[in-house]
Amino acid sequence: MLTSSQQQLLRVIGQSGPSSRTALAASMGLSKAAMSGIARDLIALGVVHETETVQGQGRPSILLDLHPEGAFFVGISLLEDPAPLVLSDFNGNILARQTMPLSRDPGVIAGLIADALPKLLSGRKDAKRKLYGLGVALSGFVDERQANCVQSTLLGWQDVPLAQIISQKCGIDTFIENDAKAVAVSEKLFGSARDVQNFSVVSFDDGIGCAHFIGGKLYRGNHGGAGEIAHCTIEPGGSPCRCGKRGCLDTVASLKAIREMAKAEGLSCHSIEDLETESARGNAAAVRVLHRAGNALGLAIAHLIQFNDPGVILIAHVEGRFDGLFGTVMRQTAEANVLPRYAGQTPIRTHRVDRDVWARGAASIAAHNFLIGPTPN
């Protein structure tokens, strides 16, 4: 178990990246001698290591950074069947993979995880000893302690203490989180947003998710539900949504909704790629579908810009194209629906991700709690 001072040093390095002992001492409000003692213990534990030497105004400084193999984390995604499990290192790299059947029974899930863990860890001799946490990503609302699933329509859950159930079965500190928030944490810890204090992540797949970092911290809201743009009403009185409302963004702009709209138009298109091809050929129905979906997503992003004024919006997508009509309409709508002073001020970056994104995000939740501690309200 790490001391509070050791935890603080890891937190500072995790947030700022490789740093000299002098810079770390200043950040922690300690003398260089005291900080060096803490660093020495963490180096002995293998959690921190010395990296490059940099020349400053005085003597050269040796930078300290998190050791990639100093800690390991397990991530599980409950968004797919079979459910993927990954083992990641301190840099967010995936070292091993396993799968298990997806169940809606929390006890069964805990048992399946316990059964899969030995195989997942078998390739690394030191993984079990240095395993510091397990994260679970799911579709739904999670409480502010990252312990209870408040509600998940996909899993049919309400007030399920999933973290406790898994932890008791597996003997590992466990944290659960909404899928989009898990991706946002992954981007902050290990991805393109490490140096960005204010940003929003929009996950684009069969459903649409969203999460925000404000002031360098994940913003969850009072009840853990901040960022749920999927269920913002975009078309009042529109199509029914699985949440029980009508006209939600998910019913117009998600990949599932786009496929359903294409089918309703009599198109045999199964992807945005197919629709882009048809629209380029002048197919009016394909153009209508892409315009409707792109307008809806662009309007929702305009609202994000007005609400939060983020430094960047990252759209993480497993499938879909954003370099054609759909992406063009989305960007034009977003720009047209913000105050003129904000137009063009917020970069909208699209980032194609692989299917590991949810499980990697789950592992990042465990890493985030080890490094920084639970996210506040």
# chains A, B, ... in the order shown; residues from 1 in each chain; ligands from 1
>>> select_by_dssp(residues="region 195-325 of chain A", states="strand (DSSP E)", output="PyMOL selection string")
chain A and resi 199-204+208-214+217-219+312-317
>>> write_last_selection(atoms="N, CA, C and O atoms", output="mmCIF file, in the first residue's frame")
data_model
loop_
_atom_site.group_PDB
_atom_site.id
_atom_site.type_symbol
_atom_site.label_atom_id
_atom_site.label_comp_id
_atom_site.auth_asym_id
_atom_site.auth_seq_id
_atom_site.Cartn_x
_atom_site.Cartn_y
_atom_site.Cartn_z
ATOM 1 N N PHE A 199 -11.924 19.986 -22.108
ATOM 2 C CA PHE A 199 -12.273 19.353 -23.381
ATOM 3 C C PHE A 199 -13.495 18.457 -23.190
ATOM 4 O O PHE A 199 -13.844 18.077 -22.075
ATOM 5 N N SER A 200 -14.134 18.149 -24.311
ATOM 6 C CA SER A 200 -15.269 17.226 -24.315
ATOM 7 C C SER A 200 -14.971 16.092 -25.278
ATOM 8 O O SER A 200 -14.393 16.313 -26.345
ATOM 9 N N VAL A 201 -15.353 14.901 -24.896
ATOM 10 C CA VAL A 201 -15.245 13.731 -25.767
ATOM 11 C C VAL A 201 -16.656 13.304 -26.159
ATOM 12 O O VAL A 201 -17.539 13.186 -25.303
ATOM 13 N N VAL A 202 -16.858 13.100 -27.445
ATOM 14 C CA VAL A 202 -18.110 12.552 -27.960
ATOM 15 C C VAL A 202 -17.783 11.184 -28.542
ATOM 16 O O VAL A 202 -16.973 11.085 -29.468
ATOM 17 N N SER A 203 -18.347 10.135 -27.978
ATOM 18 C CA SER A 203 -18.131 8.792 -28.521
ATOM 19 C C SER A 203 -19.263 8.483 -29.493
ATOM 20 O O SER A 203 -20.444 8.604 -29.159
ATOM 21 N N PHE A 204 -18.888 8.093 -30.695
ATOM 22 C CA PHE A 204 -19.854 7.916 -31.787
ATOM 23 C C PHE A 204 -19.843 6.468 -32.228
ATOM 24 O O PHE A 204 -18.878 5.973 -32.795
ATOM 25 N N ILE A 208 -24.548 7.277 -28.802
ATOM 26 C CA ILE A 208 -23.672 8.448 -28.682
ATOM 27 C C ILE A 208 -23.462 8.740 -27.207
ATOM 28 O O ILE A 208 -24.420 8.821 -26.438
ATOM 29 N N GLY A 209 -22.202 8.888 -26.830
ATOM 30 C CA GLY A 209 -21.864 9.226 -25.451
ATOM 31 C C GLY A 209 -21.107 10.533 -25.403
ATOM 32 O O GLY A 209 -20.649 11.039 -26.421
ATOM 33 N N CYS A 210 -20.968 11.101 -24.218
ATOM 34 C CA CYS A 210 -20.248 12.361 -24.088
ATOM 35 C C CYS A 210 -19.738 12.498 -22.657
ATOM 36 O O CYS A 210 -20.369 12.011 -21.710
ATOM 37 N N ALA A 211 -18.568 13.133 -22.528
ATOM 38 C CA ALA A 211 -17.989 13.380 -21.208
ATOM 39 C C ALA A 211 -17.122 14.620 -21.280
ATOM 40 O O ALA A 211 -16.637 14.995 -22.359
ATOM 41 N N HIS A 212 -16.922 15.258 -20.130
ATOM 42 C CA HIS A 212 -16.203 16.530 -20.091
ATOM 43 C C HIS A 212 -15.106 16.525 -19.043
ATOM 44 O O HIS A 212 -15.302 16.017 -17.931
ATOM 45 N N PHE A 213 -13.969 17.102 -19.382
ATOM 46 C CA PHE A 213 -12.949 17.467 -18.408
ATOM 47 C C PHE A 213 -12.984 18.979 -18.273
ATOM 48 O O PHE A 213 -12.928 19.705 -19.272
ATOM 49 N N ILE A 214 -13.112 19.457 -17.052
ATOM 50 C CA ILE A 214 -13.143 20.891 -16.771
ATOM 51 C C ILE A 214 -12.098 21.176 -15.696
ATOM 52 O O ILE A 214 -12.104 20.552 -14.634
ATOM 53 N N LYS A 217 -10.135 18.105 -14.551
ATOM 54 C CA LYS A 217 -10.801 17.047 -13.808
ATOM 55 C C LYS A 217 -12.070 16.597 -14.534
ATOM 56 O O LYS A 217 -12.778 17.405 -15.131
ATOM 57 N N LEU A 218 -12.325 15.312 -14.453
ATOM 58 C CA LEU A 218 -13.551 14.770 -15.034
ATOM 59 C C LEU A 218 -14.747 15.363 -14.327
ATOM 60 O O LEU A 218 -14.852 15.305 -13.095
ATOM 61 N N TYR A 219 -15.661 15.954 -15.096
ATOM 62 C CA TYR A 219 -16.857 16.549 -14.503
ATOM 63 C C TYR A 219 -18.009 15.555 -14.613
ATOM 64 O O TYR A 219 -18.408 15.151 -15.710
ATOM 65 N N VAL A 312 -11.168 21.913 -26.845
ATOM 66 C CA VAL A 312 -11.269 21.051 -28.015
ATOM 67 C C VAL A 312 -12.404 20.057 -27.795
ATOM 68 O O VAL A 312 -12.731 19.720 -26.655
ATOM 69 N N ILE A 313 -13.021 19.628 -28.888
ATOM 70 C CA ILE A 313 -13.994 18.538 -28.846
ATOM 71 C C ILE A 313 -13.409 17.378 -29.637
ATOM 72 O O ILE A 313 -13.027 17.538 -30.803
ATOM 73 N N LEU A 314 -13.307 16.226 -28.990
ATOM 74 C CA LEU A 314 -12.781 15.024 -29.627
ATOM 75 C C LEU A 314 -13.938 14.080 -29.936
ATOM 76 O O LEU A 314 -14.686 13.698 -29.029
ATOM 77 N N ILE A 315 -14.097 13.730 -31.196
ATOM 78 C CA ILE A 315 -15.110 12.742 -31.576
ATOM 79 C C ILE A 315 -14.398 11.417 -31.807
ATOM 80 O O ILE A 315 -13.631 11.265 -32.759
ATOM 81 N N ALA A 316 -14.618 10.469 -30.904
ATOM 82 C CA ALA A 316 -14.006 9.147 -31.007
ATOM 83 C C ALA A 316 -14.993 8.210 -31.691
ATOM 84 O O ALA A 316 -16.100 8.006 -31.190
ATOM 85 N N HIS A 317 -14.595 7.662 -32.821
ATOM 86 C CA HIS A 317 -15.528 6.813 -33.573
ATOM 87 C C HIS A 317 -14.854 5.515 -33.991
ATOM 88 O O HIS A 317 -13.712 5.511 -34.451
#
>>> residues_around(residues="Asp65 (chain A)", least_positions_apart="6", cutoff="12 Å", atoms="only C-alpha atoms", output="list in words")
Leu9, Leu10, Arg11, Val12, Ile13, Gly14, Gln15, Ser16, Gly17, Pro18, Ser19, Ser20, Arg21, Leu24, Ala39, Leu42, Ile43, Gly46, Val47, Val48, His49, Glu50, Thr51, Glu52, Thr53, Phe90 and Asn91 of chain A
>>> closest_atom_pairs(of="region 131-221 of chain A", to="region 345-358 of chain A", cutoff="12 Å", atoms="only C-alpha atoms", output="JSON lines")
{"residue": "A:Gly135", "atom": "CA", "partner": "A:Trp358", "partner_atom": "CA", "distance": 10.4}
{"residue": "A:Val136", "atom": "CA", "partner": "A:Trp358", "partner_atom": "CA", "distance": 8.9}
{"residue": "A:Ala137", "atom": "CA", "partner": "A:Trp358", "partner_atom": "CA", "distance": 6.4}
{"residue": "A:Leu138", "atom": "CA", "partner": "A:Trp358", "partner_atom": "CA", "distance": 8.5}
{"residue": "A:Ser139", "atom": "CA", "partner": "A:Trp358", "partner_atom": "CA", "distance": 10.3}
{"residue": "A:Ile176", "atom": "CA", "partner": "A:Trp358", "partner_atom": "CA", "distance": 11.9}
{"residue": "A:Glu177", "atom": "CA", "partner": "A:Trp358", "partner_atom": "CA", "distance": 10.5}
{"residue": "A:Asn178", "atom": "CA", "partner": "A:Trp358", "partner_atom": "CA", "distance": 9.7}
{"residue": "A:Asp179", "atom": "CA", "partner": "A:Trp358", "partner_atom": "CA", "distance": 6.3}
{"residue": "A:Ala180", "atom": "CA", "partner": "A:Trp358", "partner_atom": "CA", "distance": 8.2}
{"residue": "A:Lys181", "atom": "CA", "partner": "A:Trp358", "partner_atom": "CA", "distance": 9.9}
{"residue": "A:Ala182", "atom": "CA", "partner": "A:Trp358", "partner_atom": "CA", "distance": 7.2}
{"residue": "A:Val183", "atom": "CA", "partner": "A:Trp358", "partner_atom": "CA", "distance": 6.6}
{"residue": "A:Ala184", "atom": "CA", "partner": "A:Trp358", "partner_atom": "CA", "distance": 10.4}
{"residue": "A:Val185", "atom": "CA", "partner": "A:Trp358", "partner_atom": "CA", "distance": 11.0}
{"residue": "A:Ser186", "atom": "CA", "partner": "A:Val357", "partner_atom": "CA", "distance": 8.7}
{"residue": "A:Glu187", "atom": "CA", "partner": "A:Val357", "partner_atom": "CA", "distance": 10.1}
{"residue": "A:Gly191", "atom": "CA", "partner": "A:His351", "partner_atom": "CA", "distance": 10.7}
{"residue": "A:Ser192", "atom": "CA", "partner": "A:His351", "partner_atom": "CA", "distance": 9.5}
{"residue": "A:Ala193", "atom": "CA", "partner": "A:Arg349", "partner_atom": "CA", "distance": 11.1}
{"residue": "A:Asn198", "atom": "CA", "partner": "A:Thr346", "partner_atom": "CA", "distance": 10.9}
{"residue": "A:Phe199", "atom": "CA", "partner": "A:Thr346", "partner_atom": "CA", "distance": 9.6}
{"residue": "A:Ser200", "atom": "CA", "partner": "A:Ile348", "partner_atom": "CA", "distance": 9.7}
{"residue": "A:Val201", "atom": "CA", "partner": "A:Arg349", "partner_atom": "CA", "distance": 9.6}
{"residue": "A:Val202", "atom": "CA", "partner": "A:Thr350", "partner_atom": "CA", "distance": 9.3}
{"residue": "A:Ser203", "atom": "CA", "partner": "A:His351", "partner_atom": "CA", "distance": 9.6}
{"residue": "A:Phe204", "atom": "CA", "partner": "A:Arg352", "partner_atom": "CA", "distance": 9.7}
{"residue": "A:Asp205", "atom": "CA", "partner": "A:Arg355", "partner_atom": "CA", "distance": 10.6}
{"residue": "A:Gly209", "atom": "CA", "partner": "A:Trp358", "partner_atom": "CA", "distance": 11.7}
>>> atom_distance(atom1="CA of Asp159 (chain A)", atom2="CA of Gly227 (chain A)")
19.9 Å
>>> residues_around(residues="Cys243 (chain A)", least_positions_apart="2", cutoff="8 Å", atoms="only C-alpha atoms", output="VMD selection string")
chain A and resid 153 231 241 245
>>> write_last_selection(atoms="C-alpha atoms", output="short mmCIF file (atom, residue, chain, number, x, y, z; two decimals), in the first residue's frame")
data_model
loop_
_atom_site.label_atom_id
_atom_site.label_comp_id
_atom_site.auth_asym_id
_atom_site.auth_seq_id
_atom_site.Cartn_x
_atom_site.Cartn_y
_atom_site.Cartn_z
CA THR A 153 -31.13 0.31 -19.99
CA HIS A 231 -30.73 11.97 -24.62
CA CYS A 241 -35.99 6.49 -27.74
CA LYS A 245 -38.50 10.05 -24.38
#
>>> select_by_dssp(residues="region 25-110 of chain A", states="helix (DSSP H, G or I)", output="list in words")
Ala25, Ala26, Ser27, Met28, Lys32, Ala33, Ala34, Met35, Ser36, Gly37, Ile38, Ala39, Arg40, Asp41, Leu42, Ile43, Ala44, Leu45, Pro106, Gly107, Val108, Ile109 and Ala110 of chain A
>>> closest_residue(among="A:Gly298, A:Gly107, A:Pro60, A:Gly133", to="His368 (chain A)", atoms="only C-alpha atoms")
A:Gly133
>>> residues_around(residues="Ile109 (chain A)", least_positions_apart="4", cutoff="10 Å", atoms="only C-alpha atoms", output="VMD selection string")
chain A and resid 78 83 100 to 105 113 to 115 162 165 to 166 169
>>> closest_atom_pairs(of="region 218-261 of chain A", to="region 142-149 of chain A", cutoff="8 Å", atoms="only C-alpha atoms", output="tab-separated table")
residue	atom	partner	partner_atom	distance
A:Arg220	CA	A:Glu144	CA	7.0
A:Asn222	CA	A:Glu144	CA	7.6
A:His223	CA	A:Asp143	CA	6.1
A:Gly224	CA	A:Asp143	CA	5.2
A:Gly225	CA	A:Val142	CA	7.5
>>> closest_residue(among="A:Thr22, A:Thr3, A:Thr233, A:Ser268", to="Ala253 (chain A)", atoms="only C-alpha atoms")
A:Thr233
>>> residues_around(residues="region 321-332 of chain A", least_positions_apart="3", cutoff="7 Å", atoms="only C-alpha atoms", output="NGL selection string")
:A and (272-273 or 276 or 290-291 or 294-295 or 297-298 or 335-336)
>>> write_last_selection(atoms="N, CA and C atoms", output="PDB file, in the first residue's frame")
ATOM      1  N   ILE A 272     -22.168   4.408 -42.899  1.00  0.00           N
ATOM      2  CA  ILE A 272     -22.017   5.771 -43.422  1.00  0.00           C
ATOM      3  C   ILE A 272     -21.205   5.746 -44.711  1.00  0.00           C
ATOM      4  N   GLU A 273     -20.248   4.830 -44.780  1.00  0.00           N
ATOM      5  CA  GLU A 273     -19.440   4.691 -46.004  1.00  0.00           C
ATOM      6  C   GLU A 273     -20.340   4.439 -47.204  1.00  0.00           C
ATOM      7  N   GLU A 276     -22.320   7.633 -47.981  1.00  0.00           N
ATOM      8  CA  GLU A 276     -21.470   8.641 -48.619  1.00  0.00           C
ATOM      9  C   GLU A 276     -21.270   8.318 -50.102  1.00  0.00           C
ATOM     10  N   LEU A 290     -27.971  11.701 -44.499  1.00  0.00           N
ATOM     11  CA  LEU A 290     -26.720  12.279 -44.001  1.00  0.00           C
ATOM     12  C   LEU A 290     -26.918  13.703 -43.506  1.00  0.00           C
ATOM     13  N   HIS A 291     -27.770  14.472 -44.195  1.00  0.00           N
ATOM     14  CA  HIS A 291     -28.056  15.842 -43.763  1.00  0.00           C
ATOM     15  C   HIS A 291     -28.778  15.840 -42.416  1.00  0.00           C
ATOM     16  N   GLY A 294     -26.268  14.607 -39.699  1.00  0.00           N
ATOM     17  CA  GLY A 294     -25.193  15.580 -39.504  1.00  0.00           C
ATOM     18  C   GLY A 294     -25.687  16.850 -38.842  1.00  0.00           C
ATOM     19  N   ASN A 295     -26.876  17.306 -39.221  1.00  0.00           N
ATOM     20  CA  ASN A 295     -27.469  18.486 -38.581  1.00  0.00           C
ATOM     21  C   ASN A 295     -27.698  18.255 -37.087  1.00  0.00           C
ATOM     22  N   LEU A 297     -26.239  16.053 -35.011  1.00  0.00           N
ATOM     23  CA  LEU A 297     -24.990  15.964 -34.257  1.00  0.00           C
ATOM     24  C   LEU A 297     -24.316  17.336 -34.149  1.00  0.00           C
ATOM     25  N   GLY A 298     -24.353  18.105 -35.227  1.00  0.00           N
ATOM     26  CA  GLY A 298     -23.766  19.438 -35.209  1.00  0.00           C
ATOM     27  C   GLY A 298     -24.465  20.367 -34.230  1.00  0.00           C
ATOM     28  N   GLU A 335     -20.938  25.310 -36.345  1.00  0.00           N
ATOM     29  CA  GLU A 335     -20.458  26.690 -36.473  1.00  0.00           C
ATOM     30  C   GLU A 335     -21.611  27.683 -36.595  1.00  0.00           C
ATOM     31  N   ALA A 336     -22.682  27.260 -37.259  1.00  0.00           N
ATOM     32  CA  ALA A 336     -23.807  28.173 -37.499  1.00  0.00           C
ATOM     33  C   ALA A 336     -24.668  28.393 -36.265  1.00  0.00           C
TER      34      ALA A 336
END
>>> residues_around(residues="Arg242 (chain A)", least_positions_apart="4", cutoff="12 Å", atoms="only C-alpha atoms", output="PyMOL selection string")
chain A and resi 140+152-154+156+207+230-231+246-251+257
>>> write_last_selection(atoms="N, CA and C atoms", output="PDB file, in the first residue's frame")
ATOM      1  N   GLY A 140     -24.672   3.462 -19.303  1.00  0.00           N
ATOM      2  CA  GLY A 140     -25.634   3.799 -18.270  1.00  0.00           C
ATOM      3  C   GLY A 140     -25.102   4.850 -17.322  1.00  0.00           C
ATOM      4  N   SER A 152     -28.932   1.226 -16.061  1.00  0.00           N
ATOM      5  CA  SER A 152     -28.437   0.852 -17.381  1.00  0.00           C
ATOM      6  C   SER A 152     -29.562   0.184 -18.150  1.00  0.00           C
ATOM      7  N   THR A 153     -30.062   0.882 -19.150  1.00  0.00           N
ATOM      8  CA  THR A 153     -31.125   0.308 -19.987  1.00  0.00           C
ATOM      9  C   THR A 153     -30.611  -0.903 -20.736  1.00  0.00           C
ATOM     10  N   LEU A 154     -29.370  -0.837 -21.227  1.00  0.00           N
ATOM     11  CA  LEU A 154     -28.790  -1.926 -21.998  1.00  0.00           C
ATOM     12  C   LEU A 154     -28.697  -3.217 -21.182  1.00  0.00           C
ATOM     13  N   GLY A 156     -30.346  -3.646 -18.222  1.00  0.00           N
ATOM     14  CA  GLY A 156     -31.554  -3.857 -17.435  1.00  0.00           C
ATOM     15  C   GLY A 156     -31.323  -3.721 -15.943  1.00  0.00           C
ATOM     16  N   GLY A 207     -24.560   3.958 -30.229  1.00  0.00           N
ATOM     17  CA  GLY A 207     -25.101   4.995 -29.361  1.00  0.00           C
ATOM     18  C   GLY A 207     -24.111   6.138 -29.301  1.00  0.00           C
ATOM     19  N   ALA A 230     -26.684  12.239 -25.595  1.00  0.00           N
ATOM     20  CA  ALA A 230     -27.443  11.261 -26.373  1.00  0.00           C
ATOM     21  C   ALA A 230     -28.938  11.412 -26.140  1.00  0.00           C
ATOM     22  N   HIS A 231     -29.305  11.868 -24.953  1.00  0.00           N
ATOM     23  CA  HIS A 231     -30.726  11.967 -24.617  1.00  0.00           C
ATOM     24  C   HIS A 231     -31.195  13.405 -24.477  1.00  0.00           C
ATOM     25  N   ARG A 246     -38.800  11.017 -26.568  1.00  0.00           N
ATOM     26  CA  ARG A 246     -38.873  11.028 -28.025  1.00  0.00           C
ATOM     27  C   ARG A 246     -37.936  12.102 -28.570  1.00  0.00           C
ATOM     28  N   GLY A 247     -37.404  11.833 -29.761  1.00  0.00           N
ATOM     29  CA  GLY A 247     -36.610  12.834 -30.457  1.00  0.00           C
ATOM     30  C   GLY A 247     -35.228  13.071 -29.896  1.00  0.00           C
ATOM     31  N   CYS A 248     -34.694  12.103 -29.133  1.00  0.00           N
ATOM     32  CA  CYS A 248     -33.339  12.248 -28.579  1.00  0.00           C
ATOM     33  C   CYS A 248     -32.293  12.202 -29.696  1.00  0.00           C
ATOM     34  N   LEU A 249     -31.129  12.764 -29.411  1.00  0.00           N
ATOM     35  CA  LEU A 249     -30.029  12.735 -30.385  1.00  0.00           C
ATOM     36  C   LEU A 249     -29.734  11.316 -30.839  1.00  0.00           C
ATOM     37  N   ASP A 250     -29.797  10.366 -29.924  1.00  0.00           N
ATOM     38  CA  ASP A 250     -29.520   8.967 -30.255  1.00  0.00           C
ATOM     39  C   ASP A 250     -30.452   8.428 -31.341  1.00  0.00           C
ATOM     40  N   THR A 251     -31.667   8.977 -31.425  1.00  0.00           N
ATOM     41  CA  THR A 251     -32.651   8.476 -32.399  1.00  0.00           C
ATOM     42  C   THR A 251     -32.434   9.061 -33.789  1.00  0.00           C
ATOM     43  N   ALA A 257     -29.257   4.646 -35.563  1.00  0.00           N
ATOM     44  CA  ALA A 257     -30.338   5.466 -36.114  1.00  0.00           C
ATOM     45  C   ALA A 257     -30.121   5.734 -37.599  1.00  0.00           C
TER      46      ALA A 257
END
>>> closest_residue(among="A:His303, A:Lys32, A:Lys119, A:Arg124", to="Ser88 (chain A)", atoms="only C-alpha atoms")
A:Arg124
>>> atom_distance(atom1="CA of Ile38 (chain A)", atom2="CA of Ser5 (chain A)")
7.1 Å
